[in-house]
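As structure tokens, the structure follows; a few thoughts come after it.
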Amino acid sequence: MNPICPSKLFIFVQSVIIMTGKELIAKAMKLEPLSSVPWVPFVGVHGASLAGVDSESYLNSKELIVRGVSSAIEIYKPDGIPVLFDLQLEAEALGCRVVWAKSNPPSVIGHPLTEGVDITDLKIPSKESGRIAVALEAVKEISELYPEVAIYGLVTGPFTLGLHLLGTDIFMQMFMDEFYVYDLMEFCSVVAKKMSDYYIEAGCDVIAIVDPMVSQIGTEQFDKFVCGYATGIFDHIRERGVLSSFFVCGDAQHNIESMCRCRPDNISVDENISLGYVRDIALEQGVSFGGNLKLTSTLLFGDETDCEKDAVECMEIGGSRGFILSPGCDLPYSTVVNNLKAVSEIVKNGYRREVVKAIMSEGNSELSFEDGQDYILKDDPDGPLKIDVITLDSASCAPCQYMMSAVLRAAEPFGERVVVTEHKIKERSGLNMMKRLGVKKIPTICIAQDVVFSSNIPPVDQIYNSIYERLKH
Amino acid sequence: MSRVVLITGFLGSGKTTLLSRVLENYSQRMRIAVIQNEYADASCDSVQLKMSKWNFELVELNKGSIFCICLYSDFREELVRLVVEKSPDLILIEASGLSDPISVGSLLNDSSHFYLSHILTIVEPSLFLKMSGYVKSINNQVRVADSVVINKCDREDSVQIEIVKERIKSLSPNAAVACASFAELLESSPFSFDNIFLNRNELQTLSRVVNERSPANAASPGTRPVNIHSHIFRTTKRVDKERLHIFCRTIPESVIRVKGFIMCADGCDYMIQYVDGDKIATLTPVDKITKTEVIFIGTDITAFINLVIDR
């Protein structure tokens with residue numbers, strides 16, 4: 001049994017119960033100091049993977065969306081989550097032709113405004129248009145099932161919707177006929193306000209305006225063609241008493257300041273933009289910010305260690321005021337579940353975070369040949385049995401302290417036949433020892449250079465028996 | 001191992017015409033696969049290619065690639081399948097007009113099946129001059145190109161062409177720039193398509209590198225390259241200047257090519273350029289950039305990148 005003080009446990013549990021994910025996100029968006037960083041995995045078609053179906057089936061079924069998002073909430077323990085991440089939803093309802101893929105959201109392939117349709121012919125989608133009813137039903141059910149989680153409603157941003165409707169001709173029209181583009185942006189912003197209303201009425205706590213295509217235009221064009229319309233949308237959401245976020249992916253660094261001036265409560269970016277840059281600009285303008293776990297290089301193609309480091313790095317940069325940890329964009333369908341679980345663990349487990357931070361610390365990443373030689377030379381077969389305990393630091397880390405204490409108690413009866421050494425990975429020598437012994441988790445007990453007990457703290461008699469067995473030989 | 005040439009260019013610049021030209025010239029001499037990933041009417045360009053008489057494998061990826069690299073999750077998987085099943089010598093990827101070539105290239109990192117050999121960007125002169133101030137991807141595509149083809153030169157006067165060349169040079173000083181009409185290089189072109197698509201220079205280098213290590217496996221022009229990888233290193237973190245200088249002086253022989261942009265911790269930004277045979281990689285100061293993006297091609301590069309730069 002681990003000697004955990006019951007009163008400490010009560011205080012810990014109480015503090016977790018008091019602060020729900022929804023409250024945590026609200027505090028972050030209001031720039032209030034945070035006890036922990038909120039975590040929002042952008043589960044879109046990845047939910048289809050969790051539900052074991054393809055994207056098309058998923059995005060057309062309320063039941064499957066609810067199943068996918070519920071799984072994500074259960075596995076990843078987020079503070080907030082979007083119900084859908086489908087930037088073709090409104091476009092499809094407005095008559096854009098789409099093509100479906102098994103593991104991606106649909107793609108727009110036909111643009112009504114280039115096929116003889118006039119802007120005045122376009123009708124604002126109703127709650128029943130296209131797949132909107134499916135999305136709203138899913139929001140209702142998820143928000144009822146998980147009242148403690150902040151539910152995000154994702155709305156296609158006006159510029160991206162404009163691009164869906166007009167295709168890449170929108171770039172030429174910005175140059176040739178700017179008033180036509182203004183008319184289009186006006187229509188798209190009305191659609192975004194209406195969609196925001198639908199999601200708010202269905203139970204969303206945060207409305208995110210997702211406008212990735214603004215990464216394609218310069219600041220001058222953003223200010224001229226997007227800023228006013230986006231500001232109107234965020235004002236509208238604020239009047240409805242709901243929090244808002246402005247999502248962009250791609251290299252939109254040049255537009256971050258202008259995006260903040262549109263007065264969202266939060267902006268969210270992907271790995272194309274330096275999080276430190278966004279933090280400085282956003283906080284200066286009184287806007288919270290989020291991002292920017294690497295979608296492909298770590299979450300999709302990396303391993304759990306890569307993801308832990310990425311998360312710690314983001315959290316270190318983001319700080320404890322106004323920061324929400326999230327990937328920068330829609331999680332790929334096949335994102336590795338254990339990678340996202342590793343991120344969730346980093347967010348919720350301060351101890352695990354400290355371990356990863358220690359491993360990442362400057363100057364602690366090299367294992368020198370000489371260090372290894374020293375250790376091998378000192379390993380005398382006729383000498384005492386060596387027990388190496390790899391810890392974060394038993395003076396400040398409770399699990400490490402319990403493990404050290406258990407090892408010392410188990411070793412005591414053997415006297416000088418056993419030597420116990422603590423290796424703190426906060427120190428370079430400790431980290432080198434960790435690497436040399438092939439230790440992956442902290443704290444770990446190695447006996448005669450073998451990893452014997454890793455991460456969980458064994459009962460004293462088990463450690464005693466392990467020592468005894470080795471001394472017998 | 002298949003070589004990949006990434007063909008980029010804004011919509012209407014002539015990418016599909018260029019593809020047809022390449023197929024016409026090379027499809028009888030090597031196995032070619034084409035991957036089209038266009039943000040336009042799904043059927044339009046692929047129909048044009050399908051109707052051609054040339055022998056090649058066509059893979060269409062109309063999967064909404066405009067938004068983000070996140071939508072490329074199965075791209076790499078499909079490439080591997082293509083190489084395993086069809087063993088093409090050359091894979092031509094026609095990237096979406098709005099895509100970021102570096103994002104596409106990074107999906108080819110460290111594969112044992114394929115590597116990024118070349119980025120060819122095609123521009124239409126009047127469109128380029130009008131739109132490059134508006135659409136960021138047009139500048140990005142030129143910035144990272146190994147070669148830039150100015151197409152439709154027959155329609156523009158020489159003064160306009162010179163302005164386009166100057167703009168391209170300011171964005172990408174080391175890129176080879178050539179004029180073309182209907183995607184056919186003009187006689188004045190400083191390079192030929194053979195350099196790119198037959199890849200003579202790189203194969204000669206590869207032959208030497210592999211030969212030195214393992215004579216039995218030596219590659220030579222005309223044979224399929226083995227054991228070569230590409231890696232795009234990308235970060236928004238600033239790189240330590242001292243480490244960068246060490247890196248420039250200690251590039252091992254296994255590295256054939258390095259090019260890209262590097263953001264340093266002291267606030268200075270550089271373009272880096274190295275081709276096999278250079279003593280050191282050269283650094284040229286450039287205007288402010290927003291992230292470090294470096295393309296490496298070689299036989300054993302990842303450990304080297306991790307050791308020297310990614311710290």
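Simple scheme: letters A, B, ... for chains in structure tokens order, numbers from 1 for residues in each chain, numbers from 1 for ligands in the order shown.
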Practice task
Find the residues near A:Phe247: any atom within 10 Å, counting only C-alpha atoms, skip ones fewer than 5 places away on the same chain, and give them as a ChimeraX atom specification.
Solution key: /A:154-157,208-212,214,259,264,266-270,289-291,328-329
Deliver the residues from the most recent selection as a file, using N, CA and C atoms, as an mmCIF file, in the first residue's frame.
data_model
loop_
_atom_site.group_PDB
_atom_site.id
_atom_site.type_symbol
_atom_site.label_atom_id
_atom_site.label_comp_id
_atom_site.auth_asym_id
_atom_site.auth_seq_id
_atom_site.Cartn_x
_atom_site.Cartn_y
_atom_site.Cartn_z
ATOM 1 N N LEU A 154 -18.252 24.044 -34.668
ATOM 2 C CA LEU A 154 -17.320 24.584 -35.652
ATOM 3 C C LEU A 154 -18.069 25.084 -36.891
ATOM 4 N N VAL A 155 -17.850 26.347 -37.194
ATOM 5 C CA VAL A 155 -18.550 27.013 -38.296
ATOM 6 C C VAL A 155 -17.525 27.387 -39.363
ATOM 7 N N THR A 156 -17.839 27.121 -40.622
ATOM 8 C CA THR A 156 -16.900 27.473 -41.698
ATOM 9 C C THR A 156 -16.750 28.996 -41.758
ATOM 10 N N GLY A 157 -15.531 29.442 -41.737
ATOM 11 C CA GLY A 157 -15.268 30.879 -41.777
ATOM 12 C C GLY A 157 -15.692 31.487 -43.101
ATOM 13 N N ALA A 208 -16.471 28.103 -32.783
ATOM 14 C CA ALA A 208 -15.185 28.345 -33.439
ATOM 15 C C ALA A 208 -15.434 28.659 -34.909
ATOM 16 N N ILE A 209 -14.954 29.806 -35.321
ATOM 17 C CA ILE A 209 -15.029 30.166 -36.736
ATOM 18 C C ILE A 209 -13.736 29.659 -37.376
ATOM 19 N N VAL A 210 -13.868 28.694 -38.259
ATOM 20 C CA VAL A 210 -12.690 28.011 -38.815
ATOM 21 C C VAL A 210 -12.450 28.526 -40.230
ATOM 22 N N ASP A 211 -11.379 29.272 -40.389
ATOM 23 C CA ASP A 211 -11.150 29.937 -41.677
ATOM 24 C C ASP A 211 -9.713 29.710 -42.160
ATOM 25 N N PRO A 212 -9.391 28.474 -42.511
ATOM 26 C CA PRO A 212 -7.993 28.175 -42.864
ATOM 27 C C PRO A 212 -7.491 28.928 -44.074
ATOM 28 N N VAL A 214 -7.585 31.902 -44.841
ATOM 29 C CA VAL A 214 -6.992 33.237 -44.626
ATOM 30 C C VAL A 214 -5.468 33.143 -44.536
ATOM 31 N N MET A 259 -6.220 39.017 -36.934
ATOM 32 C CA MET A 259 -7.231 38.080 -36.439
ATOM 33 C C MET A 259 -7.639 38.437 -35.014
ATOM 34 N N PRO A 264 -12.239 37.904 -31.298
ATOM 35 C CA PRO A 264 -12.688 36.601 -30.784
ATOM 36 C C PRO A 264 -12.198 36.475 -29.333
ATOM 37 N N ASN A 266 -10.684 33.796 -28.433
ATOM 38 C CA ASN A 266 -9.529 32.891 -28.514
ATOM 39 C C ASN A 266 -9.099 32.767 -29.979
ATOM 40 N N ILE A 267 -7.801 32.587 -30.192
ATOM 41 C CA ILE A 267 -7.387 32.178 -31.530
ATOM 42 C C ILE A 267 -6.610 30.869 -31.414
ATOM 43 N N SER A 268 -6.726 30.051 -32.438
ATOM 44 C CA SER A 268 -6.095 28.731 -32.388
ATOM 45 C C SER A 268 -5.312 28.505 -33.677
ATOM 46 N N VAL A 269 -4.073 28.048 -33.519
ATOM 47 C CA VAL A 269 -3.181 27.926 -34.681
ATOM 48 C C VAL A 269 -2.558 26.536 -34.737
ATOM 49 N N ASP A 270 -1.995 26.196 -35.891
ATOM 50 C CA ASP A 270 -1.303 24.909 -36.004
ATOM 51 C C ASP A 270 0.207 25.106 -35.957
ATOM 52 N N PHE A 289 -5.377 32.044 -26.421
ATOM 53 C CA PHE A 289 -4.811 31.409 -27.614
ATOM 54 C C PHE A 289 -4.673 29.903 -27.386
ATOM 55 N N GLY A 290 -4.534 29.180 -28.490
ATOM 56 C CA GLY A 290 -4.416 27.728 -28.368
ATOM 57 C C GLY A 290 -3.610 27.126 -29.501
ATOM 58 N N GLY A 291 -3.154 25.926 -29.289
ATOM 59 C CA GLY A 291 -2.390 25.198 -30.299
ATOM 60 C C GLY A 291 -1.355 24.364 -29.609
ATOM 61 N N GLY A 328 -3.419 21.737 -34.005
ATOM 62 C CA GLY A 328 -3.761 22.964 -34.736
ATOM 63 C C GLY A 328 -4.943 22.815 -35.654
ATOM 64 N N CYS A 329 -5.336 21.586 -35.926
ATOM 65 C CA CYS A 329 -6.391 21.418 -36.929
ATOM 66 C C CYS A 329 -7.036 20.056 -36.706
#
Could I get the residues of chain A with an atom no further than 9 Å from an atom of chain B, each paired with its nearest atom pair and that distance in Å to one decimal, using only C-alpha atoms, sorted by chain and residue number, as a tab-separated table?
residue	atom	partner	partner_atom	distance
A:Val99	CA	B:Lys63	CA	7.6
A:Trp100	CA	B:Lys63	CA	7.6
A:Ala101	CA	B:Lys63	CA	6.6
A:Ser103	CA	B:Asp74	CA	7.6
A:Asn104	CA	B:Leu71	CA	6.3
A:Pro105	CA	B:Gly64	CA	7.7
A:Pro106	CA	B:Gly64	CA	6.8
A:Ser107	CA	B:Gly64	CA	4.2
A:Val108	CA	B:Gly64	CA	6.7
A:Ile109	CA	B:Asp41	CA	5.0
A:Gly110	CA	B:Asp41	CA	6.1
A:His111	CA	B:Asp41	CA	8.7
A:Gly167	CA	B:Ala40	CA	7.7
A:Thr168	CA	B:Leu11	CA	8.0
A:Phe171	CA	B:Tyr134	CA	7.1
A:Met172	CA	B:Met131	CA	7.4
A:Met174	CA	B:Tyr134	CA	8.3
A:Phe175	CA	B:Lys130	CA	7.9
A:Pro212	CA	B:Phe67	CA	6.1
A:Met213	CA	B:Phe67	CA	6.8
A:Ser215	CA	B:Lys136	CA	7.6
A:Gln216	CA	B:Lys136	CA	4.9
A:Ile217	CA	B:Val135	CA	5.1
A:Gly218	CA	B:Tyr134	CA	6.0
A:Glu220	CA	B:Tyr134	CA	8.7
A:Gln221	CA	B:Tyr134	CA	7.0
A:Cys249	CA	B:Cys68	CA	6.5
A:Gly250	CA	B:Cys68	CA	6.4
A:Asp251	CA	B:Thr290	CA	8.3
A:Gln253	CA	B:Thr290	CA	7.4
A:His254	CA	B:Thr290	CA	8.8
A:Glu271	CA	B:Thr236	CA	7.7
A:Asn272	CA	B:Thr236	CA	7.1
A:Ile273	CA	B:Thr236	CA	6.5
A:Ser274	CA	B:Thr236	CA	5.0
A:Leu275	CA	B:Thr236	CA	8.2
A:Leu295	CA	B:Cys70	CA	6.3
A:Thr296	CA	B:Cys70	CA	6.5
A:Ser297	CA	B:Leu107	CA	8.7
A:Leu300	CA	B:Ser73	CA	7.8
A:Cys329	CA	B:Cys70	CA	7.0
A:Asp330	CA	B:Cys70	CA	6.5
A:Leu331	CA	B:Cys70	CA	6.5
A:Pro332	CA	B:Cys70	CA	5.4
A:Tyr333	CA	B:Ser73	CA	7.1
A:Ser334	CA	B:Ser73	CA	7.0
A:Thr335	CA	B:Ser73	CA	8.4
A:Glu362	CA	B:Arg311	CA	8.8
A:Ser365	CA	B:Arg311	CA	8.6
For the selection you just gave me, I'd like the residues written to a file as a JSON list (two decimals), in the first residue's frame, keeping C-alpha atoms.
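So selection_19.json came out as:
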[["chain", "number", "residue", "atom", "x", "y", "z"],
["A", 99, "VAL", "CA", -16.69, 14.05, -53.23],
["A", 100, "TRP", "CA", -16.37, 11.66, -50.30],
["A", 101, "ALA", "CA", -13.33, 9.81, -49.07],
["A", 103, "SER", "CA", -10.70, 8.61, -44.16],
["A", 104, "ASN", "CA", -11.06, 12.32, -44.83],
["A", 105, "PRO", "CA", -13.87, 14.81, -44.67],
["A", 106, "PRO", "CA", -15.55, 15.38, -48.03],
["A", 107, "SER", "CA", -13.96, 17.71, -50.54],
["A", 108, "VAL", "CA", -15.69, 20.44, -52.53],
["A", 109, "ILE", "CA", -15.29, 19.89, -56.26],
["A", 110, "GLY", "CA", -17.99, 22.11, -57.72],
["A", 111, "HIS", "CA", -18.48, 25.81, -57.07],
["A", 167, "GLY", "CA", -13.52, 28.47, -56.25],
["A", 168, "THR", "CA", -10.11, 30.01, -56.71],
["A", 171, "PHE", "CA", -8.46, 35.46, -55.67],
["A", 172, "MET", "CA", -8.84, 36.93, -59.13],
["A", 174, "MET", "CA", -10.29, 40.34, -55.19],
["A", 175, "PHE", "CA", -8.14, 41.93, -57.84],
["A", 212, "PRO", "CA", -7.99, 28.18, -42.86],
["A", 213, "MET", "CA", -7.91, 29.91, -46.22],
["A", 215, "SER", "CA", -3.49, 31.78, -44.43],
["A", 216, "GLN", "CA", -3.39, 32.18, -48.21],
["A", 217, "ILE", "CA", -3.89, 35.94, -48.31],
["A", 218, "GLY", "CA", -1.72, 38.83, -47.19],
["A", 220, "GLU", "CA", -3.69, 43.90, -46.54],
["A", 221, "GLN", "CA", -6.21, 41.56, -48.15],
["A", 249, "CYS", "CA", -4.30, 26.44, -40.06],
["A", 250, "GLY", "CA", -1.36, 26.93, -42.37],
["A", 251, "ASP", "CA", 1.17, 29.70, -42.19],
["A", 253, "GLN", "CA", 1.57, 34.27, -38.92],
["A", 254, "HIS", "CA", 1.30, 37.53, -40.83],
["A", 271, "GLU", "CA", 2.38, 24.03, -36.03],
["A", 272, "ASN", "CA", 3.09, 26.32, -38.97],
["A", 273, "ILE", "CA", 3.13, 29.27, -36.60],
["A", 274, "SER", "CA", 5.40, 29.80, -33.62],
["A", 275, "LEU", "CA", 3.29, 29.44, -30.47],
["A", 295, "LEU", "CA", -0.62, 16.87, -36.34],
["A", 296, "THR", "CA", 1.43, 14.66, -38.59],
["A", 297, "SER", "CA", 5.04, 14.52, -37.44],
["A", 300, "LEU", "CA", 0.17, 10.69, -36.63],
["A", 329, "CYS", "CA", -6.39, 21.42, -36.93],
["A", 330, "ASP", "CA", -8.60, 18.40, -37.53],
["A", 331, "LEU", "CA", -6.91, 15.27, -36.18],
["A", 332, "PRO", "CA", -6.20, 12.84, -39.03],
["A", 333, "TYR", "CA", -8.45, 9.79, -39.17],
["A", 334, "SER", "CA", -5.64, 7.41, -38.22],
["A", 335, "THR", "CA", -4.11, 9.49, -35.43],
["A", 362, "GLU", "CA", 19.11, 21.45, -21.74],
["A", 365, "SER", "CA", 20.27, 14.79, -23.94]]
Exercise for the section: Tell me which protein, DNA and RNA residues are within 6 Å of A:Cys446, counting only C-alpha atoms, leaving out same-chain ones fewer than 2 positions away, and put them as a PyMOL selection string. Expected result: chain A and resi 387-388+449-452
Keeping C-alpha atoms for every residue in the selection just given, could you write it to a file as a PDB file, in the first residue's frame?
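Writing the result to part.pdb gives the following:
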ATOM      1  CA  ILE A 387      20.330  -1.460  -6.980  1.00  0.00           C
ATOM      2  CA  ASP A 388      19.816   1.653  -9.083  1.00  0.00           C
ATOM      3  CA  GLN A 449      21.460  -3.440 -14.272  1.00  0.00           C
ATOM      4  CA  ASP A 450      18.145  -5.140 -15.096  1.00  0.00           C
ATOM      5  CA  VAL A 451      14.907  -3.156 -15.108  1.00  0.00           C
ATOM      6  CA  VAL A 452      12.873  -5.021 -12.498  1.00  0.00           C
TER       7      VAL A 452
END
Practice task
If you run DSSP over the backbone, which residues in stretch 129-255 of chain A end up strand (DSSP E or B)? Put them as a ChimeraX atom specification.
Solution key: /A:150-156,206-210,217,243-247
What does the file look like for those residues with N, CA and C atoms, as a compact mmCIF listing (two decimals), in the first residue's frame?
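Here's the written file out-v2.txt:
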# COMPACT_ATOMS: atom_id res chain seq x y z
N ALA A 150 -16.75 21.25 -22.40
CA ALA A 150 -17.13 22.38 -23.27
C ALA A 150 -17.30 21.84 -24.69
N ILE A 151 -18.50 22.02 -25.23
CA ILE A 151 -18.78 21.52 -26.57
C ILE A 151 -18.56 22.64 -27.58
N TYR A 152 -17.69 22.38 -28.55
CA TYR A 152 -17.38 23.36 -29.58
C TYR A 152 -18.26 23.12 -30.82
N GLY A 153 -18.84 24.19 -31.31
CA GLY A 153 -19.52 24.13 -32.60
C GLY A 153 -18.62 24.79 -33.63
N LEU A 154 -18.25 24.04 -34.67
CA LEU A 154 -17.32 24.58 -35.65
C LEU A 154 -18.07 25.08 -36.89
N VAL A 155 -17.85 26.35 -37.19
CA VAL A 155 -18.55 27.01 -38.30
C VAL A 155 -17.52 27.39 -39.36
N THR A 156 -17.84 27.12 -40.62
CA THR A 156 -16.90 27.47 -41.70
C THR A 156 -16.75 29.00 -41.76
N VAL A 206 -18.92 26.86 -27.01
CA VAL A 206 -17.92 27.68 -27.73
C VAL A 206 -18.22 27.58 -29.22
N ILE A 207 -18.22 28.71 -29.90
CA ILE A 207 -18.34 28.68 -31.36
C ILE A 207 -16.98 29.02 -31.95
N ALA A 208 -16.47 28.10 -32.78
CA ALA A 208 -15.18 28.34 -33.44
C ALA A 208 -15.43 28.66 -34.91
N ILE A 209 -14.95 29.81 -35.32
CA ILE A 209 -15.03 30.17 -36.74
C ILE A 209 -13.74 29.66 -37.38
N VAL A 210 -13.87 28.69 -38.26
CA VAL A 210 -12.69 28.01 -38.81
C VAL A 210 -12.45 28.53 -40.23
N ILE A 217 -3.88 34.54 -47.86
CA ILE A 217 -3.89 35.94 -48.31
C ILE A 217 -3.04 36.81 -47.39
N LEU A 243 -18.88 31.90 -25.81
CA LEU A 243 -17.47 32.16 -26.11
C LEU A 243 -17.16 31.82 -27.57
N SER A 244 -16.11 32.46 -28.09
CA SER A 244 -15.78 32.23 -29.49
C SER A 244 -14.29 31.99 -29.68
N SER A 245 -13.98 31.30 -30.79
CA SER A 245 -12.58 31.09 -31.14
C SER A 245 -12.43 31.27 -32.65
N PHE A 246 -11.25 31.71 -33.05
CA PHE A 246 -10.94 31.92 -34.47
C PHE A 246 -9.85 30.91 -34.81
N PHE A 247 -10.20 29.88 -35.59
CA PHE A 247 -9.23 28.83 -35.96
C PHE A 247 -8.62 29.17 -37.31
Problem - Shell of 9 Å around stretch 112-115 of chain B, only C-alpha atoms, local chain residues under 6 positions omitted, as a PyMOL selection string - result: chain B and resi 1-5+79-80+83-84+91+105+226-231+297
Excluding B:Phe193 and any residue of its chain fewer than 2 positions from it, enumerate the residues within 10 Å of it, using only C-alpha atoms, and give them as a short mmCIF file (atom, residue, chain, number, x, y, z; two decimals) with N, CA and C atoms, in the first residue's frame.
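Output contents, as saved in part_13.cif:
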data_model
loop_
_atom_site.label_atom_id
_atom_site.label_comp_id
_atom_site.auth_asym_id
_atom_site.auth_seq_id
_atom_site.Cartn_x
_atom_site.Cartn_y
_atom_site.Cartn_z
N ARG B 21 3.79 16.79 -71.37
CA ARG B 21 5.08 16.93 -72.05
C ARG B 21 6.08 15.91 -71.49
N VAL B 22 6.10 15.79 -70.19
CA VAL B 22 7.04 14.84 -69.55
C VAL B 22 6.69 13.41 -69.95
N ASN B 25 7.79 12.63 -73.44
CA ASN B 25 9.23 12.48 -73.62
C ASN B 25 9.83 11.28 -72.90
N TYR B 26 9.23 10.89 -71.77
CA TYR B 26 9.93 9.91 -70.92
C TYR B 26 9.18 8.61 -70.66
N GLU B 184 7.06 23.72 -73.15
CA GLU B 184 8.26 23.25 -73.87
C GLU B 184 9.34 24.29 -73.62
N LEU B 185 10.48 23.83 -73.07
CA LEU B 185 11.54 24.80 -72.74
C LEU B 185 12.09 25.46 -74.00
N SER B 189 17.07 27.99 -72.56
CA SER B 189 16.92 27.47 -71.19
C SER B 189 18.27 27.02 -70.60
N PHE B 191 18.69 24.90 -68.33
CA PHE B 191 18.65 23.47 -67.96
C PHE B 191 17.72 22.74 -68.92
N ASN B 195 17.81 16.87 -67.13
CA ASN B 195 18.47 17.06 -65.83
C ASN B 195 17.52 16.72 -64.69
N ILE B 196 16.27 17.09 -64.86
CA ILE B 196 15.30 16.91 -63.78
C ILE B 196 14.73 15.50 -63.78
N PHE B 197 14.27 15.07 -64.95
CA PHE B 197 13.48 13.83 -64.96
C PHE B 197 14.35 12.58 -65.13
N LEU B 198 15.49 12.73 -65.78
CA LEU B 198 16.42 11.58 -65.81
C LEU B 198 17.39 11.68 -64.64
N ASN B 199 17.48 12.90 -64.10
CA ASN B 199 18.20 13.11 -62.85
C ASN B 199 19.67 12.70 -62.94
#
Exercise for the section: Mind the document's chain letters and residue numbers, and return as an NGL selection string the residues of stretch 91-239 of chain B that DSSP labels alpha helix (DSSP H). Expected result: :B and (101-106 or 125-131 or 136-143 or 158-171 or 193 or 200-213)
Practice task
Find the residues near stretch 414-428 of chain A: any atom within 7 Å, counting only C-alpha atoms, skip ones fewer than 5 places away on the same chain, and give them as number ranges by chain.
Solution key: A: 358-359, 364, 384-393
Exercise for the section: Please provide as number ranges by chain all residues within 12 Å of B:Ser147, with the sequence filter that same-chain residues fewer than 3 positions apart are discarded (counting only C-alpha atoms). Expected result: B: 5-9, 117-123, 141-144, 150, 168-169, 172-179, 189-193, 195-197
Written file, previous selection with C-alpha atoms, as a PDB file, in the first residue's frame:
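Saved result, result38.pdb, follows:
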ATOM      1  CA  VAL B   5       9.459  15.102 -58.623  1.00  0.00           C
ATOM      2  CA  LEU B   6       6.969  17.525 -57.151  1.00  0.00           C
ATOM      3  CA  ILE B   7       5.341  19.778 -59.731  1.00  0.00           C
ATOM      4  CA  THR B   8       3.725  22.896 -58.306  1.00  0.00           C
ATOM      5  CA  GLY B   9       2.134  25.975 -59.764  1.00  0.00           C
ATOM      6  CA  SER B 117      14.333  14.487 -55.753  1.00  0.00           C
ATOM      7  CA  HIS B 118      13.214  17.814 -57.183  1.00  0.00           C
ATOM      8  CA  ILE B 119      10.642  20.582 -56.856  1.00  0.00           C
ATOM      9  CA  LEU B 120       9.665  22.104 -60.181  1.00  0.00           C
ATOM     10  CA  THR B 121       7.416  25.156 -60.131  1.00  0.00           C
ATOM     11  CA  ILE B 122       5.661  26.490 -63.174  1.00  0.00           C
ATOM     12  CA  VAL B 123       4.405  30.082 -63.331  1.00  0.00           C
ATOM     13  CA  GLN B 141       5.932  27.547 -54.430  1.00  0.00           C
ATOM     14  CA  VAL B 142       8.618  29.672 -56.079  1.00  0.00           C
ATOM     15  CA  ARG B 143      10.575  30.119 -52.860  1.00  0.00           C
ATOM     16  CA  VAL B 144      11.197  26.396 -52.376  1.00  0.00           C
ATOM     17  CA  ILE B 150       8.038  30.549 -66.795  1.00  0.00           C
ATOM     18  CA  ILE B 168      11.536  34.923 -58.987  1.00  0.00           C
ATOM     19  CA  LYS B 169      15.215  35.577 -58.297  1.00  0.00           C
ATOM     20  CA  SER B 172      14.573  32.114 -54.735  1.00  0.00           C
ATOM     21  CA  PRO B 173      18.078  33.272 -55.708  1.00  0.00           C
ATOM     22  CA  ASN B 174      19.443  29.779 -56.338  1.00  0.00           C
ATOM     23  CA  ALA B 175      16.610  28.359 -58.388  1.00  0.00           C
ATOM     24  CA  ALA B 176      17.287  27.639 -62.052  1.00  0.00           C
ATOM     25  CA  VAL B 177      14.853  29.709 -64.141  1.00  0.00           C
ATOM     26  CA  ALA B 178      13.841  28.912 -67.712  1.00  0.00           C
ATOM     27  CA  CYS B 179      11.296  30.196 -70.206  1.00  0.00           C
ATOM     28  CA  SER B 189      16.925  27.469 -71.191  1.00  0.00           C
ATOM     29  CA  PRO B 190      19.813  27.021 -68.749  1.00  0.00           C
ATOM     30  CA  PHE B 191      18.653  23.471 -67.963  1.00  0.00           C
ATOM     31  CA  SER B 192      16.923  20.652 -69.757  1.00  0.00           C
ATOM     32  CA  PHE B 193      14.123  18.419 -68.590  1.00  0.00           C
ATOM     33  CA  ASN B 195      18.469  17.058 -65.834  1.00  0.00           C
ATOM     34  CA  ILE B 196      15.304  16.907 -63.777  1.00  0.00           C
ATOM     35  CA  PHE B 197      13.484  13.826 -64.963  1.00  0.00           C
TER      36      PHE B 197
END
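What separates atom CA of A:Asn255 from atom CA of A:Thr219 is a distance of 5.4 Å.
Between atom CA of A:Ile445 and atom CA of A:Ser344 the separation is 25.7 Å.
Note that the spacing between atom CA of A:Ser36 and atom CA of A:Ser320 amounts to 7.2 Å.
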